[in-house]
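Raw target03.txt, compact mmCIF, C-alpha atoms:
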```txt
# COMPACT_ATOMS: atom_id res chain seq x y z
CA MET P 1 17.63 1.03 -8.36
CA GLU P 2 18.38 -2.37 -6.85
CA LYS P 3 18.87 -0.65 -3.48
CA ILE P 4 15.43 0.95 -3.78
CA LYS P 5 13.90 -2.42 -4.66
CA ALA P 6 15.59 -3.98 -1.62
CA GLN P 7 14.35 -1.17 0.64
CA ALA P 8 10.80 -1.61 -0.68
CA TYR P 9 10.97 -5.37 -0.12
CA ALA P 10 12.27 -4.90 3.44
CA ALA P 11 9.57 -2.35 4.35
CA ALA P 12 6.80 -4.55 2.93
CA LYS P 13 8.13 -7.68 4.60
CA GLU P 14 8.37 -5.87 7.93
CA ILE P 15 4.80 -4.49 7.91
CA ILE P 16 3.41 -7.83 6.70
CA GLU P 17 5.07 -9.55 9.66
CA ARG P 18 4.43 -6.82 12.25
CA ALA P 19 0.76 -6.51 11.24
CA GLY P 20 0.31 -10.28 11.30
CA LEU P 21 -1.10 -10.36 7.79
CA LYS P 22 -2.39 -13.70 6.58
CA ALA P 23 -2.74 -15.11 3.07
CA GLY P 24 -5.54 -13.28 1.27
CA ASN P 25 -5.19 -10.05 3.29
CA VAL P 26 -4.69 -6.76 1.45
CA LEU P 27 -1.71 -4.42 1.88
CA VAL P 28 -2.44 -0.96 0.51
CA VAL P 29 0.53 1.03 -0.77
CA GLY P 30 0.69 4.67 -1.72
CA CYS P 31 3.95 5.85 -3.26
CA SER P 32 5.36 9.15 -4.44
CA THR P 33 8.29 8.36 -6.70
CA SER P 34 9.05 12.08 -6.68
CA GLU P 35 9.73 11.86 -2.95
CA VAL P 36 11.75 8.64 -3.37
CA ILE P 37 14.15 10.40 -5.75
CA GLY P 38 14.39 13.47 -3.51
CA ASP P 39 11.86 15.85 -5.04
CA THR P 40 8.51 17.14 -3.79
CA ILE P 41 5.46 14.90 -4.15
CA GLY P 42 3.77 15.30 -7.52
CA THR P 43 6.67 17.09 -9.25
CA ASN P 44 8.92 14.46 -10.83
CA SER P 45 7.15 11.14 -11.40
CA SER P 46 9.54 8.30 -12.21
CA PRO P 47 8.11 5.20 -13.92
CA GLU P 48 11.45 3.36 -13.65
CA THR P 49 11.66 3.98 -9.89
CA ALA P 50 8.05 2.87 -9.49
CA GLU P 51 8.71 -0.43 -11.22
CA TYR P 52 11.57 -1.27 -8.86
CA ILE P 53 9.51 -0.32 -5.80
CA TYR P 54 6.51 -2.32 -7.00
CA LYS P 55 8.64 -5.39 -7.74
CA GLY P 56 10.18 -5.29 -4.24
CA ILE P 57 6.81 -4.94 -2.52
CA ALA P 58 5.15 -7.53 -4.76
CA GLU P 59 7.90 -10.05 -3.97
CA ALA P 60 7.35 -9.70 -0.20
CA ALA P 61 3.58 -9.85 -0.66
CA LYS P 62 3.76 -12.96 -2.84
CA GLU P 63 5.88 -14.77 -0.23
CA ALA P 64 3.14 -14.12 2.34
CA GLY P 65 0.18 -14.71 0.00
CA VAL P 66 -0.91 -11.10 0.51
CA PHE P 67 -2.50 -8.91 -2.18
CA VAL P 68 -1.05 -5.48 -3.00
CA ALA P 69 -3.48 -2.63 -3.52
CA ALA P 70 -1.77 0.29 -5.27
CA GLN P 71 -3.25 3.67 -4.42
CA CYS P 72 -3.48 6.12 -7.30
CA CYS P 73 -2.67 9.79 -6.81
CA GLU P 74 -5.18 12.52 -6.03
CA HIS P 75 -5.89 13.12 -9.74
CA LEU P 76 -7.78 9.81 -9.72
CA ASN P 77 -9.27 10.46 -6.26
CA ARG P 78 -6.86 7.94 -4.73
CA ALA P 79 -8.52 5.05 -6.54
CA ILE P 80 -7.04 1.57 -6.06
CA ILE P 81 -5.42 -0.84 -8.52
CA ILE P 82 -5.73 -4.42 -7.29
CA GLU P 83 -5.89 -7.98 -8.61
CA ALA P 84 -9.41 -8.93 -9.72
CA GLU P 85 -9.20 -11.98 -7.44
CA ALA P 86 -8.79 -9.72 -4.40
CA ALA P 87 -11.50 -7.30 -5.56
CA GLY P 88 -14.19 -9.97 -5.50
CA ASP P 89 -17.54 -8.42 -6.40
CA ALA P 90 -16.57 -4.85 -5.41
CA ASP P 91 -17.78 -2.16 -7.79
CA ARG P 92 -15.13 -1.44 -10.39
CA VAL P 93 -14.36 1.88 -12.02
CA ASN P 94 -13.04 2.46 -15.52
CA VAL P 95 -9.63 4.12 -15.45
CA LEU P 96 -6.13 3.23 -16.56
CA PRO P 97 -3.50 4.90 -14.37
CA GLN P 98 -0.78 6.94 -16.07
CA PRO P 99 2.34 8.49 -14.53
CA LYS P 100 0.75 11.98 -14.37
CA ALA P 101 -2.84 10.82 -13.72
CA GLY P 102 -2.79 8.03 -11.21
CA GLY P 103 0.91 8.04 -10.53
CA SER P 104 3.88 5.98 -11.58
CA PHE P 105 3.44 3.43 -8.79
CA ALA P 106 -0.18 2.62 -9.68
CA THR P 107 0.85 2.52 -13.35
CA ALA P 108 3.58 -0.02 -12.53
CA ALA P 109 1.13 -2.09 -10.48
CA TYR P 110 -1.32 -2.14 -13.38
CA LYS P 111 1.48 -3.22 -15.71
CA TYR P 112 2.76 -6.08 -13.54
CA MET P 113 -0.40 -7.47 -11.93
CA ASN P 114 -1.90 -10.57 -13.55
CA ASN P 115 -5.47 -9.28 -13.84
CA PRO P 116 -5.64 -5.71 -12.51
CA VAL P 117 -8.86 -3.82 -11.89
CA ALA P 118 -9.58 -0.35 -10.54
CA LEU P 119 -11.76 0.30 -7.49
CA GLU P 120 -12.76 3.51 -5.78
CA GLU P 121 -11.80 2.13 -2.40
CA VAL P 122 -10.55 -0.85 -0.48
CA LYS P 123 -10.40 -1.66 3.22
CA ALA P 124 -6.93 -3.07 3.73
CA ALA P 125 -5.59 -4.83 6.79
CA ALA P 126 -2.35 -2.80 6.67
CA GLY P 127 -0.51 -0.31 4.54
CA LEU P 128 2.65 1.49 3.54
CA ASP P 129 2.69 5.21 2.82
CA ILE P 130 5.83 6.04 0.86
CA GLY P 131 6.36 9.79 0.66
CA PHE P 132 3.25 11.15 2.41
CA THR P 133 0.55 9.87 0.04
CA MET P 134 -2.30 9.64 2.59
CA ILE P 135 -3.32 5.96 2.56
CA GLY P 136 -5.46 6.18 5.72
CA MET P 137 -8.74 6.22 3.82
CA HIS P 138 -8.00 2.69 2.61
CA ILE P 139 -7.20 1.07 5.99
CA LYS P 140 -9.89 -0.83 7.90
CA LYS P 141 -11.08 0.72 11.14
CA VAL P 142 -9.25 1.05 13.44
CA ALA P 143 -5.95 2.13 11.85
CA VAL P 144 -2.97 1.88 14.18
CA PRO P 145 0.42 3.42 13.31
CA VAL P 146 3.34 0.98 13.24
CA ARG P 147 6.91 2.19 13.62
CA ILE P 148 9.00 0.13 11.23
CA ASN P 149 12.80 -0.02 11.12
CA ASN P 150 12.80 0.06 7.31
CA ASN P 151 11.32 3.55 7.16
CA LEU P 152 13.13 4.98 4.14
CA ILE P 153 12.90 4.11 0.47
CA GLY P 154 15.35 6.25 -1.42
CA LYS P 155 14.84 9.67 0.14
CA ALA P 156 11.16 9.14 1.01
CA THR P 157 9.86 8.60 4.50
CA VAL P 158 7.84 5.41 4.88
CA LEU P 159 4.92 5.39 7.29
CA ALA P 160 3.16 2.14 8.14
CA ALA P 161 -0.19 1.19 9.65
CA ARG P 162 -2.14 -1.90 10.57
CA SER P 163 -5.74 -2.32 11.58
CA ARG P 164 -7.40 -3.78 14.63
CA PRO P 165 -11.02 -4.42 15.54
CA LYS P 166 -12.86 -1.59 17.33
CA PHE P 167 -13.04 -1.70 21.12
CA ILE P 168 -16.65 -1.64 22.32
CA GLY P 169 -18.29 -2.07 25.68
CA GLY P 170 -16.71 0.56 27.92
CA GLU P 171 -14.58 0.20 31.03
CA ARG P 172 -16.03 -3.15 32.16
CA ALA P 173 -15.39 -4.86 28.85
CA VAL P 174 -12.67 -7.48 28.49
CA TYR P 175 -10.73 -7.62 25.22
CA ASP P 176 -8.96 -10.39 23.33
CA LYS P 177 -5.28 -9.36 23.51
CA ASN P 178 -4.55 -11.35 20.33
CA LEU P 179 -6.64 -8.84 18.35
CA ILE P 180 -4.97 -5.68 19.70
```

If you took the structure in this file and wrote it as structure tokens, what would it be?
Amino acid sequence: MEKIKAQAYAAAKEIIERAGLKAGNVLVVGCSTSEVIGDTIGTNSSPETAEYIYKGIAEAAKEAGVFVAAQCCEHLNRAIIIEAEAAGDADRVNVLPQPKAGGSFATAAYKYMNNPVALEEVKAAAGLDIGFTMIGMHIKKVAVPVRINNNLIGKATVLAARSRPKFIGGERAVYDKNLI
């Protein structure tokens, strides 16, 4: 389990750095613990595995001053568990994630966050998709895939994304390369 925690920390640290996240930004994370332990998504939820993954990601996020948004599973319409401080005045929903209705990762996030709330959606600056959980709906436009070196947690593939502002103006427009 310590290896899984270390892998989660390394993946989170890498996307935080590669995406250029700043203090106060949101990192959305979707995680299938079934995939991490080598099974098919949605078939073998593991609360213990989720806790180690969450702790690794939360440690990297805390170092950077970044908020973690934990995506629930499809049974809760991929709702988000996030610190109330990060949610601001966003509309909250009333649900408590459970391992089989929300997922073990969101359940662990709810357990370990200081003041967790549930939202229907968030627009994060970057994200980690651990085990094909479909986080794209929670990334700001425009989502850009990021190839990270730390692309495995346990047996699950880790996909990463960051966001960038939309390009507008057509072929004569000039763009700020620092925002790309």

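With only C-alpha atoms as the atoms that count, the residue of P:Ala50, P:Leu128, P:Ile180, P:Val26 with the shortest distance to Ala11 (chain P) is P:Leu128.
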
Compile the contact shell of Ser163 (chain P) as a ChimeraX atom specification: residues with an atom at most 7 Å away, counting all atoms listed in the file, same-chain residues fewer than 4 positions apart removed.
-> /P:125-126,139-144

Keeping only C-alpha atoms, take the residues you just selected and write them out as a PDB file, in the coordinates of the input.
```pdb
ATOM      1  CA  ALA P 125      -5.590  -4.830   6.790  1.00  0.00           C
ATOM      2  CA  ALA P 126      -2.350  -2.800   6.670  1.00  0.00           C
ATOM      3  CA  ILE P 139      -7.200   1.070   5.990  1.00  0.00           C
ATOM      4  CA  LYS P 140      -9.890  -0.830   7.900  1.00  0.00           C
ATOM      5  CA  LYS P 141     -11.080   0.720  11.140  1.00  0.00           C
ATOM      6  CA  VAL P 142      -9.250   1.050  13.440  1.00  0.00           C
ATOM      7  CA  ALA P 143      -5.950   2.130  11.850  1.00  0.00           C
ATOM      8  CA  VAL P 144      -2.970   1.880  14.180  1.00  0.00           C
TER       9      VAL P 144
END
```

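Take the candidates P:Cys72, P:Val95, P:Gly127, P:Ile82 and check each one against Asn115 (chain P) using only C-alpha atoms; the shortest distance goes to P:Ile82.
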
Residues within 9 Å of Gly154 (chain P), all atoms listed in the file, excluding chain neighbours under 4 positions, as a short mmCIF file (atom, residue, chain, number, x, y, z; two decimals) with C-alpha atoms, keeping the file's coordinate frame:
```
data_model
loop_
_atom_site.label_atom_id
_atom_site.label_comp_id
_atom_site.auth_asym_id
_atom_site.auth_seq_id
_atom_site.Cartn_x
_atom_site.Cartn_y
_atom_site.Cartn_z
CA MET P 1 17.63 1.03 -8.36
CA LYS P 3 18.87 -0.65 -3.48
CA ILE P 4 15.43 0.95 -3.78
CA GLN P 7 14.35 -1.17 0.64
CA GLU P 35 9.73 11.86 -2.95
CA VAL P 36 11.75 8.64 -3.37
CA ILE P 37 14.15 10.40 -5.75
CA GLY P 38 14.39 13.47 -3.51
#
```

Minimum-distance residue to Ala87 (chain P), chosen among P:Val117, P:Ile168, P:Leu27, P:Ile135 (using all atoms listed in the file) =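 Answer, going by the shortest atom-to-atom distance: P:Val117.
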
Residue contacts of Gly88 (chain P) (12 Å, all atoms listed in the file) excluding same-chain residues fewer than 5 positions away, as an NGL selection string | :P and (24 or 82-83 or 116-119 or 122)

One decimal place gives the CA of Ile53 (chain P)-CA of His138 (chain P) separation as 19.7 Å

Would you work out the distance separating CA of Val66 (chain P) from CA of Asn25 (chain P), expressed in Å to one decimal?
-> 5.2 Å

Do a neighbour search on Glu2 (chain P) at 12 Å with all atoms listed in the file, toss out local chain neighbours closer than 2 positions, and write the hits as a PyMOL selection string.
-> chain P and resi 4-9+48-56+153-154

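Take CA of Leu96 (chain P) and CA of Ala23 (chain P): the distance between them is 27.1 Å.
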
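Restricting the calculation to only C-alpha atoms, the smallest distance between Pro99 (chain P) and any of P:Leu76, P:Met134, P:Val174, P:Ala161 is found for P:Leu76.
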
Identify the residues around (2.8, -12.2, 4.4) within a radius of 10 Å, measuring from all atoms listed in the file in the coordinates stated by the file, and give them as an MDAnalysis selection string.
-> chainID P and resid 12:27 60:67

Check the smallest atom-to-atom distance from each of P:Gly136, P:Gly30, P:Gly170, P:Gly103 to Ser46 (chain P) using all atoms listed in the file, then report the winner.
->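 Nearest candidate to Ser46 (chain P) out of P:Gly136, P:Gly30, P:Gly170, P:Gly103: P:Gly103.
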
When distances are computed from all atoms listed in the file, which of P:Ala124, P:Lys100, P:Thr43, P:Met137 shows the smallest separation from Arg78 (chain P)?
-> P:Met137
